[in-house]
>>> print(open('start_39.tsv').read())   # TSV, C-alpha atoms
chain	number	residue	atom	x	y	z
U	1	MET	CA	-45.07	86.74	59.81
U	2	THR	CA	-46.88	84.27	57.57
U	3	ASN	CA	-46.35	80.55	57.18
U	4	LYS	CA	-45.38	80.74	53.55
U	5	LYS	CA	-42.27	78.80	52.63
U	6	ILE	CA	-39.28	81.13	52.34
U	7	PRO	CA	-36.42	79.84	50.15
U	8	ASP	CA	-33.39	78.59	52.12
U	9	ILE	CA	-31.17	81.00	50.20
U	10	VAL	CA	-33.19	83.98	51.50
U	11	VAL	CA	-33.13	82.63	55.06
U	12	GLY	CA	-29.38	82.15	54.64
U	13	ARG	CA	-28.86	85.87	54.03
U	14	LEU	CA	-30.79	87.06	57.10
U	15	PRO	CA	-27.94	86.28	59.53
U	16	LEU	CA	-25.64	88.44	57.38
U	17	TYR	CA	-28.10	91.33	57.59
U	18	LEU	CA	-28.39	90.87	61.35
U	19	ARG	CA	-24.61	90.78	61.79
U	20	SER	CA	-24.18	94.01	59.80
U	21	LEU	CA	-26.93	95.73	61.78
U	22	GLN	CA	-25.37	94.65	65.07
U	23	ARG	CA	-22.06	96.07	63.91
U	24	MET	CA	-23.69	99.38	62.92
U	25	SER	CA	-25.43	99.47	66.28
U	26	GLN	CA	-22.09	98.96	68.05
U	27	GLU	CA	-20.80	101.89	66.02
U	28	GLY	CA	-23.57	103.99	67.57
U	29	ARG	CA	-25.69	104.17	64.44
U	30	LYS	CA	-29.51	104.38	64.60
U	31	VAL	CA	-30.73	104.31	60.98
U	32	THR	CA	-29.56	102.61	57.81
U	33	SER	CA	-30.73	101.94	54.26
U	34	SER	CA	-30.82	98.96	51.94
U	35	GLN	CA	-28.16	100.81	49.90
U	36	GLU	CA	-25.75	101.04	52.81
U	37	LEU	CA	-26.40	97.47	53.95
U	38	GLY	CA	-25.88	96.34	50.38
U	39	GLU	CA	-22.53	98.12	50.10
U	40	ARG	CA	-21.33	96.59	53.34
U	41	LEU	CA	-22.39	93.12	52.27
U	42	GLY	CA	-21.76	93.12	48.53
U	43	ILE	CA	-25.45	92.36	47.95
U	44	SER	CA	-27.71	94.60	45.85
U	45	ALA	CA	-30.05	96.98	47.68
U	46	ALA	CA	-32.95	95.57	45.64
U	47	GLN	CA	-32.15	92.05	46.82
U	48	ILE	CA	-32.09	93.15	50.44
U	49	ARG	CA	-35.43	94.97	50.14
U	50	LYS	CA	-36.94	91.94	48.42
U	51	ASP	CA	-35.61	89.52	51.05
U	52	LEU	CA	-36.87	91.63	53.97
U	53	SER	CA	-40.25	92.24	52.35
U	54	GLN	CA	-40.92	88.50	52.55
U	55	PHE	CA	-41.15	88.85	56.31
U	56	GLY	CA	-42.95	92.17	56.73
U	57	GLU	CA	-42.72	95.92	56.36
U	58	PHE	CA	-39.59	97.00	58.22
U	59	GLY	CA	-38.68	100.35	56.69
U	60	LYS	CA	-40.28	103.37	55.14
U	61	GLN	CA	-39.57	104.64	51.64
U	62	GLY	CA	-37.13	107.51	51.98
U	63	THR	CA	-36.46	107.14	55.72
U	64	GLY	CA	-34.70	103.77	55.69
U	65	TYR	CA	-34.58	101.20	58.47
U	66	GLN	CA	-34.47	101.79	62.23
U	67	ILE	CA	-31.46	99.62	63.13
U	68	GLY	CA	-32.69	98.63	66.59
U	69	PHE	CA	-36.14	97.68	65.38
U	70	LEU	CA	-34.85	95.68	62.41
U	71	MET	CA	-32.33	93.84	64.63
U	72	GLU	CA	-35.16	92.92	66.97
U	73	GLN	CA	-37.34	91.68	64.14
U	74	LEU	CA	-34.57	89.66	62.50
U	75	SER	CA	-33.59	88.17	65.87
U	76	GLN	CA	-37.19	87.01	66.34
U	77	ILE	CA	-37.42	85.62	62.82
U	78	LEU	CA	-34.15	83.70	63.25
U	79	HIS	CA	-35.19	82.60	66.78
U	80	VAL	CA	-32.10	84.15	68.32
U	81	ASP	CA	-34.08	86.48	70.59
U	82	ARG	CA	-33.17	83.83	73.17
U	83	VAL	CA	-29.97	81.94	74.05
U	84	TRP	CA	-29.56	78.41	72.72
U	85	ASP	CA	-27.50	76.01	74.82
U	86	MET	CA	-25.17	73.83	72.79
U	87	ALA	CA	-23.10	70.70	73.28
U	88	VAL	CA	-19.64	70.27	71.77
U	89	ILE	CA	-18.71	66.68	70.94
U	90	GLY	CA	-14.96	66.13	70.77
U	91	ALA	CA	-12.42	67.81	73.06
U	92	GLY	CA	-9.52	67.93	70.60
U	93	ASP	CA	-8.05	71.14	69.17
U	94	VAL	CA	-11.23	72.09	67.30
U	95	GLY	CA	-13.50	71.22	70.23
U	96	HIS	CA	-11.29	73.30	72.52
U	97	ALA	CA	-11.42	76.23	70.12
U	98	VAL	CA	-15.20	76.26	69.66
U	99	THR	CA	-15.80	75.82	73.41
U	100	GLN	CA	-13.68	78.89	74.06
U	101	TYR	CA	-14.96	80.86	71.07
U	102	GLN	CA	-15.93	84.39	72.09
U	103	GLY	CA	-18.12	85.07	69.07
U	104	PHE	CA	-21.32	83.36	70.24
U	105	SER	CA	-22.33	85.82	72.96
U	106	ASP	CA	-24.94	88.35	71.86
U	107	ARG	CA	-25.68	86.23	68.82
U	108	GLY	CA	-27.98	83.72	70.47
U	109	PHE	CA	-25.73	80.85	71.50
U	110	ARG	CA	-23.61	79.47	74.31
U	111	VAL	CA	-21.73	76.24	74.81
U	112	THR	CA	-22.92	74.50	77.97
U	113	MET	CA	-21.25	71.10	77.74
U	114	ILE	CA	-18.35	69.33	76.08
U	115	LEU	CA	-17.96	65.58	75.72
U	116	ASP	CA	-15.28	63.18	74.52
U	117	LYS	CA	-14.75	59.43	74.53
U	118	ASP	CA	-11.04	59.56	75.36
U	119	PRO	CA	-10.45	58.65	79.03
U	120	ILE	CA	-7.46	61.03	79.05
U	121	LYS	CA	-9.72	63.96	78.15
U	122	ILE	CA	-12.75	63.05	80.28
U	123	GLY	CA	-12.63	65.05	83.50
U	124	ILE	CA	-10.34	67.85	82.32
U	125	GLN	CA	-11.70	71.40	82.37
U	126	ILE	CA	-12.15	73.54	79.26
U	127	ASN	CA	-13.44	77.06	79.74
U	128	GLY	CA	-14.94	76.03	83.07
U	129	PHE	CA	-16.66	72.90	81.75
U	130	VAL	CA	-15.60	69.43	82.81
U	131	VAL	CA	-15.28	67.17	79.75
U	132	GLN	CA	-17.95	64.49	80.06
U	133	ASP	CA	-17.93	60.93	78.75
U	134	THR	CA	-19.71	60.46	75.41
U	135	ALA	CA	-20.97	57.16	76.82
U	136	ASN	CA	-23.57	59.33	78.62
U	137	MET	CA	-24.14	61.65	75.65
U	138	GLU	CA	-27.74	60.77	74.81
U	139	LYS	CA	-28.73	60.94	78.48
U	140	VAL	CA	-27.20	64.34	79.28
U	141	ILE	CA	-28.35	65.91	76.04
U	142	GLN	CA	-31.90	64.71	76.65
U	143	GLU	CA	-31.86	65.76	80.30
U	144	ASN	CA	-30.74	69.24	79.32
U	145	GLY	CA	-33.13	69.44	76.38
U	146	LEU	CA	-30.37	70.48	73.97
U	147	LYS	CA	-31.42	70.99	70.37
U	148	ILE	CA	-28.06	72.09	68.94
U	149	ALA	CA	-24.69	70.35	68.93
U	150	MET	CA	-21.32	70.87	67.31
U	151	ILE	CA	-19.41	67.85	66.10
U	152	ALA	CA	-15.64	68.14	66.43
U	153	VAL	CA	-14.61	64.49	66.30
U	154	PRO	CA	-12.52	62.73	63.60
U	155	ALA	CA	-14.26	62.03	60.28
U	156	GLU	CA	-14.55	58.30	60.92
U	157	ALA	CA	-16.47	58.84	64.18
U	158	ALA	CA	-18.73	61.68	63.04
U	159	GLN	CA	-21.64	59.75	61.52
U	160	LYS	CA	-22.11	57.59	64.61
U	161	VAL	CA	-22.03	60.69	66.84
U	162	ALA	CA	-24.58	62.38	64.56
U	163	ASP	CA	-26.90	59.35	64.79
U	164	GLN	CA	-26.72	59.44	68.59
U	165	LEU	CA	-27.30	63.19	68.71
U	166	VAL	CA	-30.41	62.86	66.55
U	167	GLU	CA	-31.60	60.03	68.76
U	168	ALA	CA	-31.18	62.33	71.77
U	169	GLY	CA	-33.35	65.04	70.21
U	170	VAL	CA	-30.76	67.30	68.55
U	171	CYS	CA	-32.18	68.87	65.39
U	172	ALA	CA	-29.36	71.24	64.36
U	173	ILE	CA	-25.74	70.12	63.94
U	174	LEU	CA	-22.76	72.28	63.14
U	175	ASN	CA	-20.29	69.76	61.78
U	176	TYR	CA	-16.55	70.46	61.89
U	177	ALA	CA	-15.64	66.88	60.89
U	178	PRO	CA	-14.55	66.72	57.23
U	179	ILE	CA	-17.35	64.42	56.12
U	180	SER	CA	-20.92	64.76	54.86
U	181	LEU	CA	-23.47	63.46	57.37
U	182	ASN	CA	-26.64	61.52	56.67
U	183	VAL	CA	-29.46	62.72	58.92
U	184	PRO	CA	-33.28	62.60	58.81
U	185	VAL	CA	-34.96	65.34	56.75
U	186	ASP	CA	-36.14	67.22	59.84
U	187	VAL	CA	-32.56	67.62	61.12
U	188	ARG	CA	-30.41	70.50	59.82
U	189	VAL	CA	-26.67	70.26	59.31
U	190	GLN	CA	-24.24	73.06	58.51
U	191	TYR	CA	-20.61	72.42	57.71
U	192	ILE	CA	-17.38	74.17	58.57
U	193	ASP	CA	-14.37	72.77	56.73
U	194	PRO	CA	-11.69	75.38	56.03
U	195	ALA	CA	-10.01	73.23	53.35
U	196	ILE	CA	-13.27	73.14	51.37
U	197	HIS	CA	-13.50	76.94	51.51
U	198	LEU	CA	-9.87	77.29	50.44
U	199	GLN	CA	-10.31	74.90	47.50
U	200	ARG	CA	-13.26	76.97	46.35
U	201	MET	CA	-10.78	79.83	45.90
U	202	THR	CA	-7.68	78.06	44.55
U	203	TYR	CA	-9.72	77.02	41.51
U	204	TYR	CA	-9.52	80.65	40.46
U	205	ILE	CA	-5.80	81.15	41.21
U	206	ASP	CA	-3.01	79.88	38.96
H	1	MET	CA	-10.21	71.33	30.17
H	2	THR	CA	-11.72	74.23	28.28
H	3	ASN	CA	-11.80	77.92	29.15
H	4	LYS	CA	-15.56	78.13	29.32
H	5	LYS	CA	-16.92	79.85	32.41
H	6	ILE	CA	-18.11	77.29	34.95
H	7	PRO	CA	-20.73	78.55	37.44
H	8	ASP	CA	-19.35	79.21	40.94
H	9	ILE	CA	-21.96	76.86	42.39
H	10	VAL	CA	-20.57	73.97	40.33
H	11	VAL	CA	-16.98	74.84	41.30
H	12	GLY	CA	-18.17	74.98	44.92
H	13	ARG	CA	-19.26	71.34	44.82
H	14	LEU	CA	-15.97	69.97	43.45
H	15	PRO	CA	-14.16	70.15	46.82
H	16	LEU	CA	-16.99	68.06	48.32
H	17	TYR	CA	-16.52	65.43	45.62
H	18	LEU	CA	-12.76	65.44	46.17
H	19	ARG	CA	-13.17	65.08	49.94
H	20	SER	CA	-15.53	62.11	49.55
H	21	LEU	CA	-13.18	60.44	47.07
H	22	GLN	CA	-10.21	60.91	49.42
H	23	ARG	CA	-12.22	59.35	52.20
H	24	MET	CA	-13.16	56.36	50.01
H	25	SER	CA	-9.52	56.03	49.00
H	26	GLN	CA	-8.49	55.96	52.67
H	27	GLU	CA	-11.06	53.20	53.14
H	28	GLY	CA	-9.15	51.21	50.50
H	29	ARG	CA	-11.74	51.66	47.77
H	30	LYS	CA	-10.76	51.81	44.07
H	31	VAL	CA	-13.97	52.44	42.14
H	32	THR	CA	-17.15	54.41	42.84
H	33	SER	CA	-20.24	55.64	41.03
H	34	SER	CA	-22.17	58.88	40.83
H	35	GLN	CA	-24.94	57.04	42.74
H	36	GLU	CA	-22.66	56.20	45.66
H	37	LEU	CA	-21.06	59.65	45.73
H	38	GLY	CA	-24.52	61.16	45.65
H	39	GLU	CA	-25.72	59.11	48.59
H	40	ARG	CA	-22.69	60.07	50.64
H	41	LEU	CA	-23.14	63.75	49.82
H	42	GLY	CA	-26.89	64.16	49.65
H	43	ILE	CA	-26.57	65.35	46.03
H	44	SER	CA	-28.32	63.64	43.12
H	45	ALA	CA	-26.27	61.30	40.93
H	46	ALA	CA	-27.45	63.24	37.86
H	47	GLN	CA	-26.13	66.50	39.34
H	48	ILE	CA	-22.74	64.94	40.03
H	49	ARG	CA	-22.48	63.51	36.49
H	50	LYS	CA	-23.50	66.87	35.04
H	51	ASP	CA	-21.00	68.79	37.19
H	52	LEU	CA	-18.12	66.48	36.32
H	53	SER	CA	-18.98	66.42	32.62
H	54	GLN	CA	-18.28	70.15	32.47
H	55	PHE	CA	-14.60	69.36	33.02
H	56	GLY	CA	-14.14	66.22	30.94
H	57	GLU	CA	-14.94	62.54	30.60
H	58	PHE	CA	-13.93	60.92	33.89
H	59	GLY	CA	-15.96	57.73	34.04
H	60	LYS	CA	-17.43	55.08	31.79
H	61	GLN	CA	-21.11	54.20	31.59
H	62	GLY	CA	-21.59	51.08	33.67
H	63	THR	CA	-18.10	50.90	35.15
H	64	GLY	CA	-18.16	54.07	37.25
H	65	TYR	CA	-15.23	56.24	38.28
H	66	GLN	CA	-11.67	55.16	39.11
H	67	ILE	CA	-11.25	56.89	42.47
H	68	GLY	CA	-7.51	57.55	42.14
H	69	PHE	CA	-7.82	59.00	38.66
H	70	LEU	CA	-10.80	61.21	39.53
H	71	MET	CA	-9.02	62.49	42.66
H	72	GLU	CA	-6.01	63.39	40.53
H	73	GLN	CA	-8.15	65.20	37.98
H	74	LEU	CA	-10.16	67.12	40.58
H	75	SER	CA	-6.95	68.07	42.42
H	76	GLN	CA	-5.58	69.51	39.17
H	77	ILE	CA	-8.80	71.36	38.38
H	78	LEU	CA	-8.90	72.86	41.89
H	79	HIS	CA	-5.15	73.59	41.77
H	80	VAL	CA	-4.50	71.56	44.89
H	81	ASP	CA	-2.11	69.18	43.16
H	82	ARG	CA	0.46	71.37	44.91
H	83	VAL	CA	0.81	72.80	48.44
H	84	TRP	CA	-0.21	76.43	49.00
H	85	ASP	CA	1.61	78.32	51.73
H	86	MET	CA	-0.66	80.48	53.85
H	87	ALA	CA	-0.34	83.31	56.35
H	88	VAL	CA	-2.53	83.58	59.45
H	89	ILE	CA	-3.18	87.12	60.63
H	90	GLY	CA	-4.13	87.30	64.29
H	91	ALA	CA	-2.66	85.11	67.03
H	92	GLY	CA	-5.69	85.01	69.31
H	93	ASP	CA	-7.74	81.88	70.02
H	94	VAL	CA	-8.93	81.49	66.45
H	95	GLY	CA	-5.48	82.21	64.96
H	96	HIS	CA	-3.98	79.64	67.32
H	97	ALA	CA	-6.57	77.08	66.32
H	98	VAL	CA	-6.17	77.48	62.56
H	99	THR	CA	-2.37	77.50	62.82
H	100	GLN	CA	-2.52	74.18	64.62
H	101	TYR	CA	-5.35	72.76	62.51
H	102	GLN	CA	-4.47	69.24	61.34
H	103	GLY	CA	-6.97	69.14	58.50
H	104	PHE	CA	-4.97	71.01	55.84
H	105	SER	CA	-2.36	68.35	55.14
H	106	ASP	CA	-3.08	66.24	52.05
H	107	ARG	CA	-5.65	68.80	50.94
H	108	GLY	CA	-3.29	71.31	49.38
H	109	PHE	CA	-2.50	73.77	52.15
H	110	ARG	CA	-0.10	74.57	54.97
H	111	VAL	CA	0.27	77.50	57.30
H	112	THR	CA	3.78	78.95	57.04
H	113	MET	CA	3.53	82.16	59.03
H	114	ILE	CA	1.45	83.83	61.73
H	115	LEU	CA	1.40	87.54	62.50
H	116	ASP	CA	-0.12	89.78	65.15
H	117	LYS	CA	0.16	93.42	66.14
H	118	ASP	CA	0.11	92.80	69.90
H	119	PRO	CA	3.65	93.19	71.37
H	120	ILE	CA	2.75	90.53	73.95
H	121	LYS	CA	2.08	87.99	71.22
H	122	ILE	CA	4.90	88.92	68.84
H	123	GLY	CA	7.81	86.53	69.37
H	124	ILE	CA	5.88	83.69	70.99
H	125	GLN	CA	5.87	80.31	69.24
H	126	ILE	CA	2.74	78.64	67.86
H	127	ASN	CA	3.12	75.24	66.29
H	128	GLY	CA	6.79	75.99	65.64
H	129	PHE	CA	6.22	79.42	64.10
H	130	VAL	CA	7.36	82.60	65.78
H	131	VAL	CA	4.55	85.17	65.74
H	132	GLN	CA	5.72	88.07	63.54
H	133	ASP	CA	4.80	91.73	63.74
H	134	THR	CA	2.00	92.79	61.37
H	135	ALA	CA	3.99	96.01	60.87
H	136	ASN	CA	6.08	93.89	58.45
H	137	MET	CA	3.11	92.04	56.98
H	138	GLU	CA	3.19	93.38	53.44
H	139	LYS	CA	6.94	92.84	53.21
H	140	VAL	CA	7.03	89.23	54.45
H	141	ILE	CA	3.99	88.21	52.45
H	142	GLN	CA	5.49	89.66	49.28
H	143	GLU	CA	8.92	88.16	49.95
H	144	ASN	CA	7.36	84.75	50.39
H	145	GLY	CA	5.02	85.17	47.44
H	146	LEU	CA	1.98	84.17	49.47
H	147	LYS	CA	-1.34	84.23	47.63
H	148	ILE	CA	-3.57	82.98	50.45
H	149	ALA	CA	-4.17	84.36	53.94
H	150	MET	CA	-6.55	83.70	56.81
H	151	ILE	CA	-7.84	86.65	58.78
H	152	ALA	CA	-8.39	85.95	62.47
H	153	VAL	CA	-8.38	89.46	63.92
H	154	PRO	CA	-11.28	91.32	65.59
H	155	ALA	CA	-14.04	92.62	63.28
H	156	GLU	CA	-12.97	96.24	63.62
H	157	ALA	CA	-9.44	95.48	62.37
H	158	ALA	CA	-10.33	93.06	59.57
H	159	GLN	CA	-10.96	95.45	56.68
H	160	LYS	CA	-7.63	97.23	57.13
H	161	VAL	CA	-5.81	93.89	57.29
H	162	ALA	CA	-7.62	92.77	54.13
H	163	ASP	CA	-6.57	95.96	52.31
H	164	GLN	CA	-2.94	95.37	53.27
H	165	LEU	CA	-3.07	91.71	52.26
H	166	VAL	CA	-4.45	92.62	48.83
H	167	GLU	CA	-1.74	95.27	48.50
H	168	ALA	CA	0.85	92.57	49.24
H	169	GLY	CA	-0.47	90.31	46.48
H	170	VAL	CA	-2.87	88.03	48.35
H	171	CYS	CA	-5.79	87.02	46.11
H	172	ALA	CA	-7.65	84.54	48.34
H	173	ILE	CA	-8.75	85.32	51.90
H	174	LEU	CA	-10.41	82.99	54.35
H	175	ASN	CA	-12.03	85.41	56.79
H	176	TYR	CA	-12.82	84.33	60.34
H	177	ALA	CA	-13.64	87.88	61.46
H	178	PRO	CA	-17.42	88.38	61.78
H	179	ILE	CA	-17.63	91.09	59.12
H	180	SER	CA	-18.08	91.27	55.35
H	181	LEU	CA	-14.95	92.48	53.55
H	182	ASN	CA	-14.73	94.82	50.59
H	183	VAL	CA	-12.05	93.64	48.17
H	184	PRO	CA	-11.29	94.15	44.46
H	185	VAL	CA	-13.18	91.88	42.05
H	186	ASP	CA	-10.11	89.76	41.31
H	187	VAL	CA	-9.73	88.83	45.00
H	188	ARG	CA	-11.75	85.95	46.45
H	189	VAL	CA	-13.06	85.86	50.01
H	190	GLN	CA	-14.65	82.96	51.83
H	191	TYR	CA	-16.16	83.32	55.28
H	192	ILE	CA	-16.23	81.16	58.38
H	193	ASP	CA	-18.53	82.46	61.09
H	194	PRO	CA	-20.08	79.72	63.21
H	195	ALA	CA	-22.84	82.00	64.55
H	196	ILE	CA	-24.02	82.67	60.97
H	197	HIS	CA	-24.22	78.92	60.31
H	198	LEU	CA	-26.09	78.35	63.56
H	199	GLN	CA	-28.61	81.13	62.83
H	200	ARG	CA	-29.28	79.51	59.44
H	201	MET	CA	-30.55	76.49	61.41
H	202	THR	CA	-32.38	78.10	64.34
H	203	TYR	CA	-34.77	79.72	61.86
H	204	TYR	CA	-36.20	76.23	61.38
H	205	ILE	CA	-36.34	75.28	65.09
H	206	ASP	CA	-39.00	76.50	67.46
>>> encode(input="start_39.tsv", output="structure tokens")
Amino acid sequence: MTNKKIPDIVVGRLPLYLRSLQRMSQEGRKVTSSQELGERLGISAAQIRKDLSQFGEFGKQGTGYQIGFLMEQLSQILHVDRVWDMAVIGAGDVGHAVTQYQGFSDRGFRVTMILDKDPIKIGIQINGFVVQDTANMEKVIQENGLKIAMIAVPAEAAQKVADQLVEAGVCAILNYAPISLNVPVDVRVQYIDPAIHLQRMTYYID
Amino acid sequence: MTNKKIPDIVVGRLPLYLRSLQRMSQEGRKVTSSQELGERLGISAAQIRKDLSQFGEFGKQGTGYQIGFLMEQLSQILHVDRVWDMAVIGAGDVGHAVTQYQGFSDRGFRVTMILDKDPIKIGIQINGFVVQDTANMEKVIQENGLKIAMIAVPAEAAQKVADQLVEAGVCAILNYAPISLNVPVDVRVQYIDPAIHLQRMTYYID
């Protein structure tokens, strides 16, 4: 792998490739092609070959891709050939749901702590974790060396939480609060807001 | 508004503008500018002016945008000046969470039914809705004229559910199952898969 700057949009497609390969692997498959991947993903085979070629030579003309090998390579490239511990901030409905979410295992992530500021929630157990007080957030995140956190607090509290997370060393935030966050350039934020996704579709429906 | 084809990427930013405006409105604000919106969103003021100008003349040079008026216009453009009824397919953890999600109100959406195929789940109540049998899915979705559905079933069941939803008249699917769906060109799909979002960030973290 070289140090050349890969466009974010290319990086953004790699997890989709990895997910499809993992699914094929679960189906007992050993080999695939850019054509088949493309059909599964609604992306052109040429685009997939071009994206992958930015990172190395993963397949042979005519014989396709070894699924296991390509999964391994993509996992390394995406740094999910390890398990990242994550904190969930906010123990409301969304915080509950993401703490219990089954879809992180085998994809490089696990929730290892959940925090809230509400005295009623602090101390309760969710999925085996005792909800901790956000008053200690910076300390426990630093002590545990966490780099990734999910924000599941109300919109009006989210920016302050983000500031504290960054202060504690977090450099990747998955934000469920319906608000855009301001963070330093070296911190990444991704957003999940179902209403935004839905509005991107209703534009096209009468 | 004209019939000219607006790029999807421009349409995709409009919900972000609307969300920021709603937030400003809740803060009691009346007027904003493309500069302020841009700072909140991390998008350039020029981009925002250019995006909005595709749909009409919403602000005046020097006086900025009337927040209430621009919200109204964007709601109309995005067709969320009404409330869309939605079905949730799958009454597992994710289905539970989206059925109870508080963030749809005032943004154009409400869940009005939840279905599952598991006899243990059929008949239980979630947020006031009795879980219905997916055996009747096409019928109840057609009868209620639903256009939007959220898929929260396991990956291996998602494509079949999507096919049935399309058959029943659904033309917008928010898919929580970790799999890409194949649908006709006139059907829109948006995806929510937290592991995909997280992997888009870990690429940049060592």
>>> residues_near_point(input="start_39.tsv", point="(-29.3, 59.7, 67.0)", cutoff="12 Å", atoms="all atoms listed in the file", output="PDB file with C-alpha atoms, keeping the file's coordinate frame")
ATOM      1  CA  MET U 137     -24.140  61.650  75.650  1.00  0.00           C
ATOM      2  CA  GLU U 138     -27.740  60.770  74.810  1.00  0.00           C
ATOM      3  CA  LYS U 139     -28.730  60.940  78.480  1.00  0.00           C
ATOM      4  CA  ILE U 141     -28.350  65.910  76.040  1.00  0.00           C
ATOM      5  CA  GLN U 142     -31.900  64.710  76.650  1.00  0.00           C
ATOM      6  CA  LYS U 147     -31.420  70.990  70.370  1.00  0.00           C
ATOM      7  CA  ALA U 149     -24.690  70.350  68.930  1.00  0.00           C
ATOM      8  CA  ALA U 158     -18.730  61.680  63.040  1.00  0.00           C
ATOM      9  CA  GLN U 159     -21.640  59.750  61.520  1.00  0.00           C
ATOM     10  CA  LYS U 160     -22.110  57.590  64.610  1.00  0.00           C
ATOM     11  CA  VAL U 161     -22.030  60.690  66.840  1.00  0.00           C
ATOM     12  CA  ALA U 162     -24.580  62.380  64.560  1.00  0.00           C
ATOM     13  CA  ASP U 163     -26.900  59.350  64.790  1.00  0.00           C
ATOM     14  CA  GLN U 164     -26.720  59.440  68.590  1.00  0.00           C
ATOM     15  CA  LEU U 165     -27.300  63.190  68.710  1.00  0.00           C
ATOM     16  CA  VAL U 166     -30.410  62.860  66.550  1.00  0.00           C
ATOM     17  CA  GLU U 167     -31.600  60.030  68.760  1.00  0.00           C
ATOM     18  CA  ALA U 168     -31.180  62.330  71.770  1.00  0.00           C
ATOM     19  CA  GLY U 169     -33.350  65.040  70.210  1.00  0.00           C
ATOM     20  CA  VAL U 170     -30.760  67.300  68.550  1.00  0.00           C
ATOM     21  CA  CYS U 171     -32.180  68.870  65.390  1.00  0.00           C
ATOM     22  CA  ALA U 172     -29.360  71.240  64.360  1.00  0.00           C
ATOM     23  CA  ILE U 173     -25.740  70.120  63.940  1.00  0.00           C
ATOM     24  CA  LEU U 181     -23.470  63.460  57.370  1.00  0.00           C
ATOM     25  CA  ASN U 182     -26.640  61.520  56.670  1.00  0.00           C
ATOM     26  CA  VAL U 183     -29.460  62.720  58.920  1.00  0.00           C
ATOM     27  CA  PRO U 184     -33.280  62.600  58.810  1.00  0.00           C
ATOM     28  CA  VAL U 187     -32.560  67.620  61.120  1.00  0.00           C
TER      29      VAL U 187
END
>>> closest_atom_pairs(input="start_39.tsv", of="chain U", to="chain H", cutoff="6 Å", atoms="all atoms listed in the file", output="JSON lines")
{"residue": "U:Gly12", "atom": "CA", "partner": "H:Arg200", "partner_atom": "CA", "distance": 5.5}
{"residue": "U:Pro15", "atom": "CA", "partner": "H:Ile196", "partner_atom": "CA", "distance": 5.5}
{"residue": "U:Leu41", "atom": "CA", "partner": "H:Ser180", "partner_atom": "CA", "distance": 5.6}
{"residue": "U:Leu78", "atom": "CA", "partner": "H:Tyr203", "partner_atom": "CA", "distance": 4.3}
{"residue": "U:His79", "atom": "CA", "partner": "H:Tyr203", "partner_atom": "CA", "distance": 5.7}
{"residue": "U:Ser180", "atom": "CA", "partner": "H:Leu41", "partner_atom": "CA", "distance": 5.6}
{"residue": "U:Ile196", "atom": "CA", "partner": "H:Pro15", "partner_atom": "CA", "distance": 5.5}
{"residue": "U:Arg200", "atom": "CA", "partner": "H:Gly12", "partner_atom": "CA", "distance": 5.5}
{"residue": "U:Thr202", "atom": "CA", "partner": "H:His79", "partner_atom": "CA", "distance": 5.8}
{"residue": "U:Tyr203", "atom": "CA", "partner": "H:Leu78", "partner_atom": "CA", "distance": 4.3}
>>> atom_distance(input="start_39.tsv", atom1="CA of Gly92 (chain U)", atom2="CA of Val140 (chain U)")
20.0 Å
>>> axis_aligned_box(input="start_39.tsv", around="region 130-138 of chain H", padding_each_side="5 Å", output="AutoDock Vina command-line options")
--center_x 4.7 --center_y 89.3 --center_z 59.6 --size_x 15.4 --size_y 23.4 --size_z 22.3
>>> atom_distance(input="start_39.tsv", atom1="CA of Ile89 (chain H)", atom2="CA of Gly128 (chain U)")
27.7 Å
>>> atom_distance(input="start_39.tsv", atom1="CA of Met113 (chain H)", atom2="CA of Val131 (chain H)")
7.4 Å
>>> residues_near_point(input="start_39.tsv", point="(2.1, 81.6, 64.7)", cutoff="7 Å", atoms="all atoms listed in the file", output="PyMOL selection string")
chain H and resi 91+96+99+113-115+125-127+129-131
>>> residues_around(input="start_39.tsv", residues="Gln22 (chain U)", least_positions_apart="6", cutoff="9 Å", atoms="all atoms listed in the file", output="PyMOL selection string")
chain U and resi 67-68+71
>>> closest_residue(input="start_39.tsv", among="H:Leu146, H:Val88, H:Val83, H:Ile6", to="Leu52 (chain H)", atoms="all atoms listed in the file")
H:Ile6
>>> closest_residue(input="start_39.tsv", among="H:Ile151, H:Ala135, H:Val111, H:Met24", to="Asp85 (chain H)", atoms="all atoms listed in the file")
H:Val111
